[in-house]
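Scroll down for the structure; my scribbles are underneath it.
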Amino acid sequence: MIELIERCVLALTNENDWVIDPFGGVGSSLIAAIKNNRKGMIIDRDPDYIAIAKQRVQAFQDGTLKTRPLGKPVHKPTGKEKVAQIPIEWTNQT
Ligand SMILES: C[S@@+](CC[C@H](N)C(=O)[O-])C[C@H]1O[C@@H](n2cnc3c(N)ncnc32)[C@H](O)[C@@H]1O
């Protein structure tokens with residue numbers, strides 16, 4: 001999720017600063033940096049994660065990466081969602 005790290009990037013850095021993440025994973029911190037006019041660098045020991053990070057950066061630059069808008073309110077469940085219901089298997093109505 002980019003929005004989470006984006007808050008840190010905005011709080012702790014200024015435009016054109018470097019954001020260096022030595023445990024960069026799939027690149028969320030790097031994308032947050034690029035998105036907010038910072039310079040970014042990630043390191044990760046897993047080449048598969050680096051490959052995904054490259055794809056995600058490319059998708060961000062192409063405008064196709066899905067991101068949660070900064071400050072979007074948290075979803076408030078109504079209680080009617082299926083996940084909020086007691087499974088029928090847990091009742092005596094089987
Ligand atoms: C929790 S994930 C990082 C998530 C990342 N910050 C993001 O925003 O997507 C931790 C990462 O650290 C990497 N890692 C763990 N030990 C490492 C090491 N000694 N050197 C480099 N990377 C390491 C793992 O491969 C993993 O991708």
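In the structure tokens, each chain is lettered A, B, ... as it comes, each chain's residues begin at 1, and ligands are numbered from 1 in order of appearance.
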
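Taking only C-alpha atoms and all ligand atoms into account, the residues that come within 7 Å of ligand 1 are Ile5, Asp21, Pro22, Phe23, Gly24, Gly25, Val26, Gly27, Ser28, Ser29, Ile43, Asp44, Arg45, Asp46 and Tyr49 of chain A.
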
Dump of N, CA and C atoms for the selected residues, as a tab-separated table (two decimals), in the first residue's frame:
chain	number	residue	atom	x	y	z
A	5	ILE	N	3.07	4.55	3.36
A	5	ILE	CA	4.45	5.04	3.32
A	5	ILE	C	4.51	6.47	2.79
A	21	ASP	N	15.38	3.01	0.85
A	21	ASP	CA	14.76	1.94	1.63
A	21	ASP	C	15.58	0.66	1.42
A	22	PRO	N	16.39	0.28	2.43
A	22	PRO	CA	17.25	-0.91	2.26
A	22	PRO	C	16.49	-2.23	2.36
A	23	PHE	N	15.21	-2.17	2.66
A	23	PHE	CA	14.36	-3.37	2.67
A	23	PHE	C	13.17	-3.07	1.77
A	24	GLY	N	13.45	-2.76	0.53
A	24	GLY	CA	12.50	-2.12	-0.37
A	24	GLY	C	11.35	-2.97	-0.85
A	25	GLY	N	11.46	-4.29	-0.75
A	25	GLY	CA	10.35	-5.16	-1.15
A	25	GLY	C	9.86	-4.87	-2.56
A	26	VAL	N	8.57	-4.68	-2.71
A	26	VAL	CA	7.98	-4.49	-4.03
A	26	VAL	C	7.87	-3.01	-4.41
A	27	GLY	N	8.56	-2.16	-3.65
A	27	GLY	CA	8.78	-0.79	-4.13
A	27	GLY	C	7.78	0.27	-3.72
A	28	SER	N	6.98	0.01	-2.70
A	28	SER	CA	5.99	1.02	-2.31
A	28	SER	C	6.65	2.33	-1.89
A	29	SER	N	7.76	2.23	-1.16
A	29	SER	CA	8.44	3.46	-0.71
A	29	SER	C	9.03	4.21	-1.91
A	43	ILE	N	16.73	-1.27	-2.05
A	43	ILE	CA	17.62	-2.44	-2.05
A	43	ILE	C	16.77	-3.59	-1.53
A	44	ASP	N	16.92	-4.76	-2.13
A	44	ASP	CA	16.26	-5.93	-1.57
A	44	ASP	C	17.05	-7.17	-1.98
A	45	ARG	N	17.10	-8.15	-1.09
A	45	ARG	CA	17.88	-9.35	-1.38
A	45	ARG	C	17.15	-10.30	-2.31
A	46	ASP	N	15.85	-10.06	-2.52
A	46	ASP	CA	15.05	-10.98	-3.33
A	46	ASP	C	14.86	-10.41	-4.73
A	49	TYR	N	11.26	-9.77	-5.92
A	49	TYR	CA	10.62	-8.54	-5.43
A	49	TYR	C	11.10	-7.33	-6.23

Can you tell me which residues surround stretch 68-77 of chain A at a distance of at most 10 Å, considering only C-alpha atoms, apart from same-chain residues fewer than 3 positions away, and format the answer as a ChimeraX atom specification?
/A:1-4,6-7,65,80-81,83-84

Write a file of the just-selected residues containing all heavy atoms, as an mmCIF file, in the first residue's frame.
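And here's part31.cif as it stands now:
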data_model
loop_
_atom_site.group_PDB
_atom_site.id
_atom_site.type_symbol
_atom_site.label_atom_id
_atom_site.label_comp_id
_atom_site.auth_asym_id
_atom_site.auth_seq_id
_atom_site.Cartn_x
_atom_site.Cartn_y
_atom_site.Cartn_z
ATOM 1 N N MET A 1 0.842 -1.191 0.000
ATOM 2 C CA MET A 1 0.000 0.000 0.000
ATOM 3 C C MET A 1 0.886 1.252 0.000
ATOM 4 O O MET A 1 1.740 1.420 0.863
ATOM 5 C CB MET A 1 -0.923 -0.017 1.217
ATOM 6 C CG MET A 1 -1.755 1.236 1.301
ATOM 7 S SD MET A 1 -2.477 1.441 2.895
ATOM 8 C CE MET A 1 -4.166 1.128 2.510
ATOM 9 N N ILE A 2 0.661 2.089 -0.942
ATOM 10 C CA ILE A 2 1.510 3.260 -1.084
ATOM 11 C C ILE A 2 1.091 4.387 -0.137
ATOM 12 O O ILE A 2 1.936 5.126 0.365
ATOM 13 C CB ILE A 2 1.493 3.712 -2.551
ATOM 14 C CG1 ILE A 2 2.215 2.642 -3.368
ATOM 15 C CG2 ILE A 2 2.160 5.068 -2.743
ATOM 16 C CD1 ILE A 2 1.912 2.636 -4.808
ATOM 17 N N GLU A 3 -0.209 4.500 0.130
ATOM 18 C CA GLU A 3 -0.682 5.626 0.941
ATOM 19 C C GLU A 3 -0.013 5.662 2.317
ATOM 20 O O GLU A 3 0.304 6.725 2.832
ATOM 21 C CB GLU A 3 -2.198 5.554 1.110
ATOM 22 C CG GLU A 3 -2.755 6.798 1.774
ATOM 23 C CD GLU A 3 -4.084 6.545 2.462
ATOM 24 O OE1 GLU A 3 -4.427 5.391 2.739
ATOM 25 O OE2 GLU A 3 -4.763 7.541 2.743
ATOM 26 N N LEU A 4 0.218 4.489 2.887
ATOM 27 C CA LEU A 4 0.803 4.424 4.235
ATOM 28 C C LEU A 4 2.216 5.019 4.250
ATOM 29 O O LEU A 4 2.519 5.921 5.046
ATOM 30 C CB LEU A 4 0.826 2.964 4.685
ATOM 31 C CG LEU A 4 1.157 2.688 6.133
ATOM 32 C CD1 LEU A 4 0.096 3.285 7.047
ATOM 33 C CD2 LEU A 4 1.240 1.179 6.354
ATOM 34 N N GLU A 6 3.507 6.804 1.982
ATOM 35 C CA GLU A 6 3.455 8.162 1.432
ATOM 36 C C GLU A 6 3.360 9.200 2.557
ATOM 37 O O GLU A 6 3.954 10.266 2.498
ATOM 38 C CB GLU A 6 2.250 8.265 0.492
ATOM 39 C CG GLU A 6 2.297 9.450 -0.418
ATOM 40 C CD GLU A 6 1.163 9.426 -1.444
ATOM 41 O OE1 GLU A 6 0.320 8.501 -1.432
ATOM 42 O OE2 GLU A 6 1.123 10.345 -2.249
ATOM 43 N N ARG A 7 2.616 8.862 3.588
ATOM 44 C CA ARG A 7 2.495 9.771 4.736
ATOM 45 C C ARG A 7 3.867 10.003 5.369
ATOM 46 O O ARG A 7 4.205 11.123 5.765
ATOM 47 C CB ARG A 7 1.539 9.196 5.779
ATOM 48 C CG ARG A 7 0.094 9.217 5.336
ATOM 49 C CD ARG A 7 -0.784 8.401 6.268
ATOM 50 N NE ARG A 7 -2.149 8.392 5.784
ATOM 51 C CZ ARG A 7 -3.141 9.102 6.318
ATOM 52 N NH1 ARG A 7 -2.915 9.866 7.359
ATOM 53 N NH2 ARG A 7 -4.346 9.045 5.825
ATOM 54 N N LEU A 65 -1.125 1.906 -12.394
ATOM 55 C CA LEU A 65 -1.010 1.294 -11.060
ATOM 56 C C LEU A 65 -2.172 1.767 -10.192
ATOM 57 O O LEU A 65 -2.405 2.966 -10.050
ATOM 58 C CB LEU A 65 0.316 1.678 -10.392
ATOM 59 C CG LEU A 65 0.576 0.988 -9.060
ATOM 60 C CD1 LEU A 65 0.908 -0.488 -9.272
ATOM 61 C CD2 LEU A 65 1.711 1.669 -8.304
ATOM 62 N N LYS A 80 -24.036 -5.650 7.015
ATOM 63 C CA LYS A 80 -24.805 -6.541 6.136
ATOM 64 C C LYS A 80 -23.886 -7.338 5.198
ATOM 65 O O LYS A 80 -24.366 -8.212 4.476
ATOM 66 C CB LYS A 80 -25.793 -5.725 5.299
ATOM 67 C CG LYS A 80 -26.903 -5.118 6.147
ATOM 68 C CD LYS A 80 -27.888 -4.340 5.298
ATOM 69 C CE LYS A 80 -28.957 -3.714 6.177
ATOM 70 N NZ LYS A 80 -29.725 -2.693 5.490
ATOM 71 N N GLU A 81 -22.593 -7.003 5.192
ATOM 72 C CA GLU A 81 -21.678 -7.722 4.316
ATOM 73 C C GLU A 81 -21.632 -9.202 4.712
ATOM 74 O O GLU A 81 -21.786 -9.536 5.891
ATOM 75 C CB GLU A 81 -20.252 -7.141 4.426
ATOM 76 C CG GLU A 81 -20.116 -5.729 3.905
ATOM 77 C CD GLU A 81 -20.542 -4.655 4.904
ATOM 78 O OE1 GLU A 81 -20.947 -5.009 6.026
ATOM 79 O OE2 GLU A 81 -20.479 -3.474 4.543
ATOM 80 N N VAL A 83 -19.236 -11.158 5.064
ATOM 81 C CA VAL A 83 -18.195 -11.470 6.044
ATOM 82 C C VAL A 83 -18.646 -11.137 7.469
ATOM 83 O O VAL A 83 -18.097 -11.654 8.437
ATOM 84 C CB VAL A 83 -16.874 -10.739 5.664
ATOM 85 C CG1 VAL A 83 -16.975 -9.240 5.916
ATOM 86 C CG2 VAL A 83 -15.679 -11.349 6.377
ATOM 87 N N ALA A 84 -19.662 -10.284 7.607
ATOM 88 C CA ALA A 84 -20.159 -9.902 8.933
ATOM 89 C C ALA A 84 -21.264 -10.842 9.426
ATOM 90 O O ALA A 84 -21.725 -10.711 10.561
ATOM 91 C CB ALA A 84 -20.683 -8.461 8.892
#

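The interatomic distance for the pair atom CA of A:Ala11 and atom CA of A:Arg38 works out to 12.4 Å.
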
For A:Ala53, which residue out of A:Ile31, A:Ile86, A:Lys66, A:Gly40 is the nearest one, using only C-alpha atoms?
A:Ile31
